[in-house]
Structures are given as C-alpha cells and as structure tokens.
$ cat protein-v6.cif   # mmCIF, C-alpha atoms
data_input
#
loop_
_atom_site.label_atom_id
_atom_site.label_comp_id
_atom_site.auth_asym_id
_atom_site.auth_seq_id
_atom_site.Cartn_x
_atom_site.Cartn_y
_atom_site.Cartn_z
CA MET A 1 0.00 0.00 0.00
CA LYS A 2 2.79 2.37 0.91
CA LYS A 3 4.47 2.44 -2.48
CA PHE A 4 1.15 2.73 -4.27
CA SER A 5 -0.03 5.55 -1.98
CA ILE A 6 3.14 7.57 -2.37
CA GLY A 7 3.03 7.09 -6.13
CA PHE A 8 -0.63 8.12 -6.38
CA ALA A 9 -0.08 11.21 -4.22
CA PHE A 10 3.01 12.12 -6.23
CA VAL A 11 1.07 11.93 -9.50
CA SER A 12 -1.53 14.32 -8.03
CA LEU A 13 1.20 16.72 -6.91
CA LEU A 14 2.77 16.64 -10.35
CA ILE A 15 -0.55 17.31 -12.09
CA ALA A 16 -1.52 20.19 -9.77
CA GLY A 17 1.96 21.61 -9.44
CA VAL A 18 3.31 21.33 -12.99
CA LEU A 19 0.75 20.19 -15.55
CA SER A 20 -1.61 22.95 -14.33
CA TYR A 21 0.50 25.51 -16.20
CA PHE A 22 -0.58 23.90 -19.45
CA ALA A 23 -4.31 23.95 -18.74
CA SER A 24 -6.58 25.72 -21.20
CA GLY A 25 -7.66 29.18 -20.08
CA ASP A 26 -10.85 29.07 -22.12
CA PRO A 27 -14.23 28.94 -20.32
CA ASP A 28 -15.50 25.46 -19.49
CA GLY A 29 -18.77 24.08 -20.82
CA LEU A 30 -21.00 25.74 -18.23
CA ASP A 31 -19.15 29.08 -18.36
CA LYS A 32 -19.31 29.06 -22.15
CA THR A 33 -23.04 28.35 -22.01
CA VAL A 34 -23.79 31.18 -19.59
CA GLU A 35 -21.51 33.58 -21.49
CA ASP A 36 -23.04 32.85 -24.88
CA THR A 37 -26.61 33.16 -23.59
CA GLY A 38 -26.00 36.29 -21.51
CA ILE A 39 -26.86 34.50 -18.25
CA ALA A 40 -23.35 35.35 -17.06
CA GLU A 41 -24.37 39.01 -16.71
CA HIS A 42 -26.21 37.95 -13.56
CA ALA A 43 -23.17 36.30 -12.02
CA GLN A 44 -22.04 37.88 -8.78
CA GLU A 45 -18.45 38.28 -7.81
CA HIS A 46 -17.23 35.56 -5.50
CA PRO A 47 -17.18 36.71 -1.86
CA PHE A 48 -13.61 35.42 -1.63
CA ALA A 49 -12.49 36.76 -5.00
CA GLY A 50 -9.88 38.83 -3.21
CA GLY A 51 -8.53 35.83 -1.30
CA THR A 52 -4.83 35.06 -1.38
CA PHE A 53 -5.26 31.97 -3.55
CA ALA A 54 -8.34 33.02 -5.54
CA ASP A 55 -8.40 31.55 -9.05
CA TYR A 56 -5.49 29.23 -8.28
CA ALA A 57 -3.00 32.06 -8.12
CA LEU A 58 -1.09 33.92 -5.44
CA GLY A 59 -2.49 37.40 -4.96
CA GLY A 60 -3.78 37.33 -8.54
CA ASP A 61 -0.40 36.37 -9.97
CA ASP A 62 -0.91 33.18 -11.94
CA ARG A 63 2.79 32.51 -12.23
CA PHE A 64 2.12 30.80 -8.91
CA THR A 65 -0.61 28.47 -10.17
CA GLY A 66 1.58 25.46 -9.44
CA LEU A 67 2.08 26.60 -5.87
CA ALA A 68 -1.68 27.07 -5.43
CA GLY A 69 -2.16 23.60 -6.89
CA VAL A 70 0.28 22.04 -4.46
CA LEU A 71 -1.43 23.83 -1.57
CA GLY A 72 -4.80 22.52 -2.78
CA VAL A 73 -3.45 18.98 -3.00
CA VAL A 74 -2.15 19.17 0.56
CA VAL A 75 -5.40 20.65 1.91
CA VAL A 76 -7.66 18.16 0.10
CA LEU A 77 -5.46 15.23 1.13
CA ALA A 78 -5.44 16.32 4.79
CA LEU A 79 -9.19 16.98 4.92
CA SER A 80 -10.28 13.88 3.04
CA PHE A 81 -7.83 11.52 4.70
CA GLY A 82 -8.85 12.90 8.09
CA LEU A 83 -12.57 12.56 7.40
CA PHE A 84 -12.34 9.06 5.93
CA TRP A 85 -10.00 7.86 8.67
CA VAL A 86 -12.44 9.03 11.34
CA LEU A 87 -15.42 7.52 9.49
CA ARG A 88 -13.84 4.13 8.86
CA LYS A 89 -14.85 0.93 10.59
CA LYS A 90 -12.06 0.01 12.90
CA SER A 91 -10.66 -3.38 12.10
CA GLY A 92 -10.64 -5.84 15.01
CA ALA A 93 -8.50 -5.47 18.11
CA ARG A 94 -4.82 -5.22 17.41
CA MET B 95 -18.78 23.22 -14.31
CA HIS B 96 -18.66 25.34 -11.17
CA MET B 97 -21.41 27.92 -11.35
CA SER B 98 -21.01 31.32 -9.77
CA ASP B 99 -23.47 32.90 -7.40
CA GLY B 100 -26.35 34.74 -9.02
CA LEU B 101 -27.06 32.38 -11.92
CA LEU B 102 -29.88 30.78 -9.93
CA ASN B 103 -32.33 32.78 -7.85
CA ALA B 104 -32.14 32.74 -4.05
CA PRO B 105 -34.98 30.27 -3.30
CA VAL B 106 -33.63 27.71 -5.76
CA SER B 107 -30.10 28.16 -4.46
CA VAL B 108 -31.32 27.56 -0.91
CA ALA B 109 -33.41 24.57 -1.98
CA PHE B 110 -30.37 22.96 -3.54
CA LEU B 111 -28.25 23.73 -0.51
CA VAL B 112 -30.79 21.69 1.47
CA ILE B 113 -30.85 18.90 -1.14
CA ALA B 114 -27.06 18.79 -1.19
CA ALA B 115 -26.89 18.70 2.61
CA LEU B 116 -29.37 15.82 2.74
CA GLY B 117 -27.52 13.92 0.03
CA VAL B 118 -24.11 14.43 1.60
CA GLY B 119 -25.52 13.51 5.02
CA PHE B 120 -26.91 10.29 3.57
CA ALA B 121 -23.54 9.56 1.94
CA LEU B 122 -21.76 10.20 5.27
CA VAL B 123 -23.93 7.59 6.96
CA LYS B 124 -23.63 5.02 4.18
CA ALA B 125 -19.91 5.58 3.55
CA ARG B 126 -18.89 4.04 6.87
CA ALA B 127 -19.58 0.53 5.63
CA ASP B 128 -17.19 1.04 2.70
CA LEU B 129 -14.33 2.51 4.72
CA ASP B 130 -11.71 0.51 6.55
CA ASP B 131 -7.98 0.78 7.26
CA ARG B 132 -7.22 0.00 3.62
CA THR B 133 -9.90 1.91 1.74
CA ALA B 134 -9.87 5.10 3.86
CA PRO B 135 -6.37 6.15 2.69
CA MET B 136 -7.33 5.19 -0.87
CA ALA B 137 -10.40 7.45 -0.65
CA GLY B 138 -8.22 10.35 0.46
CA LEU B 139 -5.92 9.75 -2.50
CA VAL B 140 -8.87 9.64 -4.91
CA ALA B 141 -10.23 12.98 -3.64
CA THR B 142 -6.76 14.50 -3.99
CA PHE B 143 -6.35 13.15 -7.52
CA ILE B 144 -9.74 14.57 -8.56
CA PHE B 145 -8.78 17.98 -7.20
CA ALA B 146 -5.53 17.91 -9.16
CA VAL B 147 -7.06 16.74 -12.43
CA GLN B 148 -9.91 19.27 -12.17
CA MET B 149 -7.25 21.98 -12.52
CA ILE B 150 -6.46 20.73 -16.00
CA ASN B 151 -8.92 22.28 -18.43
CA PHE B 152 -8.59 20.60 -21.81
CA PRO B 153 -9.67 22.30 -25.04
CA ILE B 154 -12.82 20.97 -26.69
CA LEU B 155 -13.60 23.67 -29.27
CA PRO B 156 -11.98 26.98 -30.16
CA GLY B 157 -12.83 29.17 -27.15
CA ALA B 158 -14.21 26.40 -24.95
CA SER B 159 -12.70 23.87 -22.57
CA GLY B 160 -13.73 21.22 -20.12
CA HIS B 161 -12.37 19.51 -17.07
CA LEU B 162 -12.89 16.25 -15.23
CA LEU B 163 -15.85 16.14 -12.83
CA GLY B 164 -14.73 12.86 -11.29
CA GLY B 165 -17.97 11.30 -10.09
CA ALA B 166 -17.72 8.09 -12.09
CA LEU B 167 -13.99 7.84 -11.39
CA ALA B 168 -14.58 8.11 -7.66
CA ALA B 169 -17.56 5.75 -7.67
CA ILE B 170 -15.67 3.04 -9.57
CA LEU B 171 -12.62 3.27 -7.32
CA VAL B 172 -14.13 3.83 -3.87
CA GLY B 173 -17.89 3.29 -4.23
CA PRO B 174 -20.79 5.73 -4.64
CA TYR B 175 -21.08 7.04 -1.06
CA VAL B 176 -17.40 7.58 -0.39
CA GLY B 177 -17.08 8.82 -3.98
CA ALA B 178 -19.75 11.48 -3.49
CA LEU B 179 -17.90 12.64 -0.37
CA CYS B 180 -14.61 12.82 -2.31
CA VAL B 181 -16.11 15.13 -4.94
CA THR B 182 -17.87 17.20 -2.25
CA ILE B 183 -14.62 17.82 -0.37
CA VAL B 184 -13.00 18.95 -3.62
CA LEU B 185 -15.86 21.37 -4.37
CA VAL B 186 -15.83 22.82 -0.85
CA VAL B 187 -12.07 23.44 -0.92
CA GLN B 188 -12.34 24.99 -4.39
CA ALA B 189 -15.13 27.34 -3.31
CA LEU B 190 -13.58 28.39 0.01
CA LEU B 191 -9.87 28.51 -0.80
CA PHE B 192 -9.76 29.23 -4.53
CA ALA B 193 -12.99 31.21 -5.06
CA ASP B 194 -13.93 28.63 -7.70
CA GLY B 195 -17.70 28.08 -7.62
CA GLY B 196 -20.02 30.37 -5.67
CA LEU B 197 -21.02 29.95 -2.05
CA THR B 198 -24.81 30.13 -2.42
CA ALA B 199 -24.29 28.07 -5.59
CA LEU B 200 -22.39 25.41 -3.65
CA GLY B 201 -25.56 23.38 -3.07
CA ALA B 202 -26.35 23.20 -6.77
CA ASN B 203 -22.72 22.51 -7.64
CA VAL B 204 -22.51 19.67 -5.11
CA THR B 205 -25.86 18.31 -6.29
CA ASN B 206 -24.73 18.25 -9.92
CA MET B 207 -21.15 17.06 -9.68
CA ALA B 208 -20.95 15.15 -6.39
CA LEU B 209 -24.43 13.64 -6.12
CA ILE B 210 -25.89 13.34 -9.64
CA GLY B 211 -22.57 12.73 -11.36
CA THR B 212 -21.40 10.10 -8.91
CA ALA B 213 -24.75 8.32 -8.73
CA ALA B 214 -25.11 8.26 -12.52
CA GLY B 215 -21.58 7.03 -13.03
CA PHE B 216 -21.99 4.33 -10.43
CA LEU B 217 -25.34 3.06 -11.71
CA VAL B 218 -23.99 2.74 -15.25
CA ALA B 219 -20.82 1.05 -14.02
CA VAL B 220 -22.78 -1.47 -11.95
CA ALA B 221 -25.15 -2.20 -14.84
CA LEU B 222 -22.13 -2.96 -17.02
CA ARG B 223 -20.06 -4.62 -14.29
CA LYS B 224 -19.88 -8.02 -15.99
CA PHE B 225 -17.97 -6.44 -18.88
CA ALA B 226 -15.64 -4.67 -16.44
CA ARG B 227 -14.70 -8.05 -14.99
CA LYS B 228 -13.63 -9.31 -18.41
CA GLY B 229 -10.23 -7.68 -18.39
CA LYS B 230 -8.57 -4.38 -19.00
CA GLY B 231 -10.39 -3.51 -22.22
CA GLY B 232 -13.76 -4.21 -20.67
CA LEU B 233 -12.95 -2.17 -17.59
CA ALA B 234 -11.74 0.73 -19.73
CA ALA B 235 -14.93 0.66 -21.81
CA VAL B 236 -17.17 0.56 -18.74
CA ALA B 237 -15.23 3.42 -17.13
CA PHE B 238 -15.51 5.48 -20.32
CA VAL B 239 -19.26 5.01 -20.69
CA SER B 240 -19.93 5.63 -16.98
CA ALA B 241 -17.90 8.84 -17.06
CA PHE B 242 -19.58 10.05 -20.25
CA VAL B 243 -23.04 9.56 -18.72
CA ASN B 244 -21.88 11.18 -15.46
CA THR B 245 -20.85 14.32 -17.39
CA LEU B 246 -24.08 14.55 -19.39
CA LEU B 247 -26.30 14.05 -16.34
CA ALA B 248 -24.36 16.54 -14.22
CA ALA B 249 -24.86 19.04 -17.07
CA THR B 250 -28.54 18.13 -17.08
CA GLY B 251 -28.63 19.04 -13.39
CA PHE B 252 -27.75 22.61 -14.28
CA ILE B 253 -30.35 22.69 -17.06
CA VAL B 254 -33.06 21.58 -14.62
CA GLU B 255 -31.94 24.06 -11.96
CA TYR B 256 -31.91 26.87 -14.50
CA ALA B 257 -35.38 25.87 -15.70
CA ILE B 258 -36.72 26.01 -12.14
CA GLY B 259 -35.21 29.32 -11.15
CA GLY B 260 -32.48 30.68 -13.37
CA ALA B 261 -31.58 34.36 -13.75
CA GLY B 262 -32.16 36.16 -17.02
CA GLY B 263 -35.04 34.13 -18.39
CA VAL B 264 -33.10 32.63 -21.29
CA GLU B 265 -35.09 30.09 -23.26
CA ILE B 266 -34.40 26.71 -21.67
CA GLY B 267 -34.03 24.92 -25.02
CA LYS B 268 -31.14 27.17 -25.89
CA VAL B 269 -29.44 26.49 -22.54
CA ALA B 270 -30.01 22.75 -22.87
CA LEU B 271 -28.66 22.58 -26.41
CA LEU B 272 -25.45 24.40 -25.48
CA MET B 273 -24.96 22.46 -22.25
CA TRP B 274 -25.54 19.05 -23.82
CA GLY B 275 -23.54 19.81 -26.95
CA LEU B 276 -20.50 21.07 -25.05
CA HIS B 277 -20.71 18.36 -22.41
CA ALA B 278 -20.96 15.59 -24.96
CA LEU B 279 -17.46 16.69 -26.00
CA ILE B 280 -16.28 17.16 -22.41
CA GLY B 281 -17.72 13.74 -21.61
CA ILE B 282 -15.31 12.17 -24.10
CA GLY B 283 -12.41 13.74 -22.18
CA GLU B 284 -13.94 12.66 -18.88
CA GLY B 285 -14.30 9.15 -20.29
CA LEU B 286 -10.70 8.95 -21.47
CA ILE B 287 -9.27 10.26 -18.18
CA THR B 288 -11.50 7.95 -16.15
CA ALA B 289 -10.65 4.90 -18.26
CA ALA B 290 -6.91 5.60 -18.08
CA THR B 291 -7.00 6.17 -14.31
CA VAL B 292 -9.17 3.19 -13.43
CA THR B 293 -7.20 0.76 -15.60
CA SER B 294 -3.91 2.07 -14.17
CA VAL B 295 -5.09 1.47 -10.61
CA ALA B 296 -6.55 -1.92 -11.57
CA SER B 297 -3.28 -3.05 -13.13
CA ILE B 298 -1.33 -2.25 -9.94
CA ARG B 299 -3.87 -2.80 -7.15
CA PRO B 300 -7.05 -4.49 -8.48
CA ASP B 301 -8.07 -5.12 -4.88
CA LEU B 302 -8.51 -1.36 -4.44
CA VAL B 303 -11.07 -1.01 -7.24
CA PHE B 304 -14.52 -0.93 -5.62
CA LEU B 305 -16.34 -2.00 -8.79
CA LEU B 306 -14.26 -5.18 -9.04
CA LYS B 307 -14.78 -6.14 -5.40
CA GLY B 308 -15.40 -9.83 -5.11
CA ASN B 309 -13.32 -10.56 -8.17
CA ARG B 310 -10.74 -12.39 -6.14
CA LYS B 311 -13.13 -14.67 -4.38
CA PRO B 312 -12.61 -18.34 -5.09
CA LEU B 313 -14.75 -19.73 -7.87
CA GLU B 314 -18.28 -20.48 -6.82
CA VAL B 315 -19.31 -24.07 -7.07
CA ARG B 316 -22.88 -23.40 -8.06
CA SER B 317 -23.58 -21.34 -11.13
#

$ encode --input "protein-v6.cif" --output "structure tokens"
Amino acid sequence: MKKFSIGFAFVSLLIAGVLSYFASGDPDGLDKTVEDTGIAEHAQEHPFAGGTFADYALGGDDRFTGLAGVLGVVVVLALSFGLFWVLRKKSGAR
Amino acid sequence: MHMSDGLLNAPVSVAFLVIAALGVGFALVKARADLDDRTAPMAGLVATFIFAVQMINFPILPGASGHLLGGALAAILVGPYVGALCVTIVLVVQALLFADGGLTALGANVTNMALIGTAAGFLVAVALRKFARKGKGGLAAVAFVSAFVNTLLAATGFIVEYAIGGAGGVEIGKVALLMWGLHALIGIGEGLITAATVTSVASIRPDLVFLLKGNRKPLEVRS
C-alpha cells in the first residue's frame, strides 16, 4: 500500500503543481453556455475573489498556479484523509 | 462546471443547498460501511487526484474547454457514497480557498457534480459490471461510458436548476442545447481520463477497485 499511496499522491502533486501551467484558459462548458446566452451578466463576484489563492493564483499572480495547486493537494489530502479515517470501521483489536 | 453565485435565484439556491446537505448527510452515513484501514487512505488519494485533475482544463472547441468532474472515477474506485464525499470535499475546498464556484451556488454545484454525477456514473458502471470483470479492455470501456453519462447528467442538473429558477429568463431549449452539446465533447475527455485512471489502478492494485470487489473470491461451485 505504501508504495502505491506515495506514487498516487506524487502523480496528483505533479498534475496540480506542474501540468496545471498547461491547462486551457478558455471557459469550461458551463461558463461558455452562460456567457453565450447572456446569463453570465447575472453572475455575482465571489465573496472570496480577493482571497490570497483566488483563481489558483497567489495574490492574482498566476505565475504561482503550481504553488496554489500544491497547496490545494495538501489541503484536500489532509481533509479527506482525516474525514475518511475518522469515518472508517475500525478493524478488530490489534 | 462550477457555477457562480447569481445564476440561480435565491430560493432555488437555498433549496439545492438543502438537497445537497441531505444527500451528503446520507452519503456520510452510508460511507462508513465502505471505509476501513485499507480503503480510507485510498479514498483520500482519490479525492486528492480529482482535485488535481480538475485543474487541468482541456480544449474541446476553439474558445471552450472542459475539465474532469470525477464522479464516475470516484464511484468506480471507492464506491458511490465515499465517492460522493470525495467530490464534495474537492468542491468545498475549491469554493472556500480558490474562489472557484459560488457559495450560495455550492448546493447546486454539489448536487450536480458530487451527487448526480457520482450516482449516474456508479449506476452505469454497476449495470455494465460483468464487462468490467472481463479484463482491461472491458474495464476501460465501462469506465468510459460511466464517465460520459456522469458528465451529461451533471450538465442536465444545471439545465433543470436553470429551468426552475435561473436568472435572465433565457429560453431553456437554448441552454439545454449548449450544455448538452458542449458536455458531450467534455464527456469524451472525462471518459478517457477515467478509463486511463481506473485501468492504471486496476493493473497495480485491483483489490482497491470498488467496482471489481469480489473478483478475487474463489470460484463459486454453483452457477
């Protein structure tokens, strides 16, 4: 399990930290739909739009997208591992 | 597919916050049975992987892109309840830390991607499970189809929500046509990523693939 886990986590780090620089900047399917129909005019600014890591950048500077990605990986891993570890059925007495 | 605040009116946003909370609460209760010392770390890794891959928007048409939603991927690897929780955690972190996806819209976003997408992907995968057991090609095909359906139905979630209480009063047929057309293309990407991921995991640790559980049991005597 150990080797597999480290490998899997490393792949995620690599994707979020490096491959993220090559992501398309075009709107996704839903954004494209709301832009082309004018629905997007009703969109409100995100309450945390001014946040340090908003839009996967650092203070709006998207040269740091990889850093934001790595932070996200660490946060999601910690939260999800913590939640699932607490929720799990404990295996018999050790 | 993360909608911003304001695209749906307030009552509909609140209604879907309630629906999402009920769905996630149900998943929390049911997930326990699927989590043990071995699968809990795997579930954390799956959530993390979905977060990472969701950052990678791939081009589908000039001026339009798509990204993985991850419901079918999660359901195939860790089951529908744990899978729905994986996608929910990703959406919550994206909304709170990266301002990606609105806060009042979080209910609708969770409903579409974590609940509808995961449930749809899982139901298709289970219906086709006998093909998935037939080897790598079969598993890849089942993963692809499940992921494609997951994308289209998650997109349908938005269409329904917009029809009930969307801002701007745009003709629903127009919204549906754009959403389905674009997400049919995105669904191909979702299918390819899901198939590649699931077959990679299955080739290293088939015992960690929820959909294939029971594969390693000794042959049954009775048919």

$ residues_near_point --input "protein-v6.cif" --point "(-7.3, 22.6, -14.4)" --cutoff "10 Å" --atoms "all atoms listed in the file" --output "PyMOL selection string"
(chain A and resi 15-16+19-25+56+65+69) or (chain B and resi 145-152+159-162)

$ residues_around --input "protein-v6.cif" --residues "Gly59 of chain A" --least-positions-apart "4" --cutoff "12 Å" --atoms "all atoms listed in the file" --output "ChimeraX atom specification"
/A:48-55,63-65,67-68 /B:192

$ closest_residue --input "protein-v6.cif" --among "B:Leu139, B:Ala261, B:Ala134, B:Ile154" --to "Trp85 of chain A" --atoms "all atoms listed in the file"
B:Ala134

$ residues_around --input "protein-v6.cif" --residues "Lys230 of chain B" --least-positions-apart "3" --cutoff "7 Å" --atoms "all atoms listed in the file" --output "list in words"
Leu233, Ala234 and Thr293 of chain B

$ resolve_selection --input "protein-v6.cif" --expression "the PyMOL selection byres ((chain B) within 7 of (chain A))" --output "PyMOL selection string"
chain B and resi 95+98-101+126-127+129-131+134-135+138-139+141-143+145-147+149-153+157-160+180+183-184+187+191-194+196+261-262+264+269+272-273+276-277

$ axis_aligned_box --input "protein-v6.cif" --around "segment 214-231 of chain B" --padding-each-side "8 Å" --output "lines of an AutoDock Vina configuration file"
center_x = -17.0
center_y = -0.5
center_z = -16.3
size_x = 32.8
size_y = 33.6
size_z = 27.8

$ residues_around --input "protein-v6.cif" --residues "Asn244 of chain B" --least-positions-apart "2" --cutoff "8 Å" --atoms "all atoms listed in the file" --output "list of chain:residue names"
B:Gly165, B:Ala166, B:Ile210, B:Gly211, B:Thr212, B:Ala213, B:Ala214, B:Gly215, B:Ser240, B:Ala241, B:Phe242, B:Leu246, B:Leu247, B:Ala248, B:Gly281

$ atom_distance --input "protein-v6.cif" --atom1 "atom CA of Val220 of chain B" --atom2 "atom CA of Thr182 of chain B"
21.6 Å

$ resolve_selection --input "protein-v6.cif" --expression "the PyMOL selection byres ((chain B and resi 223) around 9)" --output "ChimeraX atom specification"
/B:218-222,224-228,232-233,236,305-306

$ atom_distance --input "protein-v6.cif" --atom1 "atom CA of Leu167 of chain B" --atom2 "atom CA of Thr288 of chain B"
5.4 Å

$ atom_distance --input "protein-v6.cif" --atom1 "atom CA of Met97 of chain B" --atom2 "atom CA of Asn203 of chain B"
6.7 Å

$ closest_residue --input "protein-v6.cif" --among "B:Leu209, B:Leu171, B:Pro105, B:Leu302" --to "Gly119 of chain B" --atoms "all atoms listed in the file"
B:Leu209

$ decode --input "protein-v6.cif" --residues "segment 49-80 of chain A" --atoms "N, CA and C atoms" --output "PDB file, in the first residue's frame"
ATOM      1  N   ALA A  49     -13.252  36.489  -3.779  1.00  0.00           N
ATOM      2  CA  ALA A  49     -12.489  36.760  -5.004  1.00  0.00           C
ATOM      3  C   ALA A  49     -11.165  37.456  -4.701  1.00  0.00           C
ATOM      4  N   GLY A  50     -11.115  38.146  -3.569  1.00  0.00           N
ATOM      5  CA  GLY A  50      -9.878  38.833  -3.210  1.00  0.00           C
ATOM      6  C   GLY A  50      -8.959  37.987  -2.344  1.00  0.00           C
ATOM      7  N   GLY A  51      -9.321  36.728  -2.159  1.00  0.00           N
ATOM      8  CA  GLY A  51      -8.530  35.833  -1.304  1.00  0.00           C
ATOM      9  C   GLY A  51      -7.144  35.603  -1.871  1.00  0.00           C
ATOM     10  N   THR A  52      -6.245  35.217  -0.994  1.00  0.00           N
ATOM     11  CA  THR A  52      -4.834  35.056  -1.378  1.00  0.00           C
ATOM     12  C   THR A  52      -4.664  34.091  -2.553  1.00  0.00           C
ATOM     13  N   PHE A  53      -5.454  33.004  -2.529  1.00  0.00           N
ATOM     14  CA  PHE A  53      -5.258  31.965  -3.546  1.00  0.00           C
ATOM     15  C   PHE A  53      -6.393  31.916  -4.569  1.00  0.00           C
ATOM     16  N   ALA A  54      -7.206  32.992  -4.611  1.00  0.00           N
ATOM     17  CA  ALA A  54      -8.340  33.017  -5.540  1.00  0.00           C
ATOM     18  C   ALA A  54      -7.876  32.709  -6.961  1.00  0.00           C
ATOM     19  N   ASP A  55      -8.694  31.937  -7.663  1.00  0.00           N
ATOM     20  CA  ASP A  55      -8.397  31.552  -9.049  1.00  0.00           C
ATOM     21  C   ASP A  55      -7.066  30.824  -9.198  1.00  0.00           C
ATOM     22  N   TYR A  56      -6.702  30.058  -8.205  1.00  0.00           N
ATOM     23  CA  TYR A  56      -5.495  29.226  -8.278  1.00  0.00           C
ATOM     24  C   TYR A  56      -4.263  30.052  -8.609  1.00  0.00           C
ATOM     25  N   ALA A  57      -4.168  31.194  -7.937  1.00  0.00           N
ATOM     26  CA  ALA A  57      -3.003  32.057  -8.118  1.00  0.00           C
ATOM     27  C   ALA A  57      -2.545  32.507  -6.737  1.00  0.00           C
ATOM     28  N   LEU A  58      -1.537  33.362  -6.721  1.00  0.00           N
ATOM     29  CA  LEU A  58      -1.088  33.915  -5.438  1.00  0.00           C
ATOM     30  C   LEU A  58      -1.226  35.428  -5.556  1.00  0.00           C
ATOM     31  N   GLY A  59      -2.220  35.964  -4.854  1.00  0.00           N
ATOM     32  CA  GLY A  59      -2.488  37.395  -4.955  1.00  0.00           C
ATOM     33  C   GLY A  59      -2.752  37.841  -6.389  1.00  0.00           C
ATOM     34  N   GLY A  60      -3.425  36.990  -7.161  1.00  0.00           N
ATOM     35  CA  GLY A  60      -3.783  37.334  -8.538  1.00  0.00           C
ATOM     36  C   GLY A  60      -2.679  37.040  -9.546  1.00  0.00           C
ATOM     37  N   ASP A  61      -1.521  36.635  -9.079  1.00  0.00           N
ATOM     38  CA  ASP A  61      -0.395  36.373  -9.974  1.00  0.00           C
ATOM     39  C   ASP A  61      -0.392  34.888 -10.361  1.00  0.00           C
ATOM     40  N   ASP A  62      -0.754  34.602 -11.612  1.00  0.00           N
ATOM     41  CA  ASP A  62      -0.909  33.185 -11.943  1.00  0.00           C
ATOM     42  C   ASP A  62       0.410  32.524 -12.357  1.00  0.00           C
ATOM     43  N   ARG A  63       1.516  33.225 -12.126  1.00  0.00           N
ATOM     44  CA  ARG A  63       2.790  32.507 -12.234  1.00  0.00           C
ATOM     45  C   ARG A  63       2.921  31.506 -11.089  1.00  0.00           C
ATOM     46  N   PHE A  64       2.041  31.673 -10.089  1.00  0.00           N
ATOM     47  CA  PHE A  64       2.116  30.803  -8.914  1.00  0.00           C
ATOM     48  C   PHE A  64       1.017  29.739  -8.898  1.00  0.00           C
ATOM     49  N   THR A  65       0.445  29.484 -10.077  1.00  0.00           N
ATOM     50  CA  THR A  65      -0.610  28.474 -10.168  1.00  0.00           C
ATOM     51  C   THR A  65      -0.156  27.128  -9.605  1.00  0.00           C
ATOM     52  N   GLY A  66       1.070  26.752  -9.926  1.00  0.00           N
ATOM     53  CA  GLY A  66       1.581  25.464  -9.437  1.00  0.00           C
ATOM     54  C   GLY A  66       1.632  25.404  -7.922  1.00  0.00           C
ATOM     55  N   LEU A  67       2.012  26.531  -7.321  1.00  0.00           N
ATOM     56  CA  LEU A  67       2.079  26.602  -5.866  1.00  0.00           C
ATOM     57  C   LEU A  67       0.676  26.464  -5.272  1.00  0.00           C
ATOM     58  N   ALA A  68      -0.292  27.172  -5.882  1.00  0.00           N
ATOM     59  CA  ALA A  68      -1.684  27.067  -5.428  1.00  0.00           C
ATOM     60  C   ALA A  68      -2.164  25.628  -5.567  1.00  0.00           C
ATOM     61  N   GLY A  69      -1.762  24.987  -6.671  1.00  0.00           N
ATOM     62  CA  GLY A  69      -2.155  23.598  -6.888  1.00  0.00           C
ATOM     63  C   GLY A  69      -1.599  22.671  -5.828  1.00  0.00           C
ATOM     64  N   VAL A  70      -0.338  22.867  -5.491  1.00  0.00           N
ATOM     65  CA  VAL A  70       0.284  22.036  -4.458  1.00  0.00           C
ATOM     66  C   VAL A  70      -0.409  22.260  -3.115  1.00  0.00           C
ATOM     67  N   LEU A  71      -0.719  23.525  -2.810  1.00  0.00           N
ATOM     68  CA  LEU A  71      -1.432  23.826  -1.572  1.00  0.00           C
ATOM     69  C   LEU A  71      -2.786  23.108  -1.557  1.00  0.00           C
ATOM     70  N   GLY A  72      -3.497  23.177  -2.691  1.00  0.00           N
ATOM     71  CA  GLY A  72      -4.801  22.522  -2.777  1.00  0.00           C
ATOM     72  C   GLY A  72      -4.690  21.020  -2.562  1.00  0.00           C
ATOM     73  N   VAL A  73      -3.670  20.413  -3.159  1.00  0.00           N
ATOM     74  CA  VAL A  73      -3.451  18.977  -2.997  1.00  0.00           C
ATOM     75  C   VAL A  73      -3.247  18.638  -1.518  1.00  0.00           C
ATOM     76  N   VAL A  74      -2.430  19.437  -0.846  1.00  0.00           N
ATOM     77  CA  VAL A  74      -2.147  19.172   0.564  1.00  0.00           C
ATOM     78  C   VAL A  74      -3.423  19.332   1.399  1.00  0.00           C
ATOM     79  N   VAL A  75      -4.186  20.391   1.128  1.00  0.00           N
ATOM     80  CA  VAL A  75      -5.397  20.648   1.907  1.00  0.00           C
ATOM     81  C   VAL A  75      -6.442  19.548   1.669  1.00  0.00           C
ATOM     82  N   VAL A  76      -6.659  19.186   0.401  1.00  0.00           N
ATOM     83  CA  VAL A  76      -7.663  18.157   0.102  1.00  0.00           C
ATOM     84  C   VAL A  76      -7.226  16.817   0.697  1.00  0.00           C
ATOM     85  N   LEU A  77      -5.943  16.499   0.581  1.00  0.00           N
ATOM     86  CA  LEU A  77      -5.461  15.233   1.126  1.00  0.00           C
ATOM     87  C   LEU A  77      -5.663  15.193   2.647  1.00  0.00           C
ATOM     88  N   ALA A  78      -5.310  16.284   3.317  1.00  0.00           N
ATOM     89  CA  ALA A  78      -5.438  16.318   4.786  1.00  0.00           C
ATOM     90  C   ALA A  78      -6.902  16.202   5.203  1.00  0.00           C
ATOM     91  N   LEU A  79      -7.773  16.995   4.559  1.00  0.00           N
ATOM     92  CA  LEU A  79      -9.190  16.982   4.924  1.00  0.00           C
ATOM     93  C   LEU A  79      -9.831  15.631   4.636  1.00  0.00           C
ATOM     94  N   SER A  80      -9.589  15.108   3.433  1.00  0.00           N
ATOM     95  CA  SER A  80     -10.282  13.883   3.039  1.00  0.00           C
ATOM     96  C   SER A  80      -9.721  12.690   3.810  1.00  0.00           C
TER      97      SER A  80
END
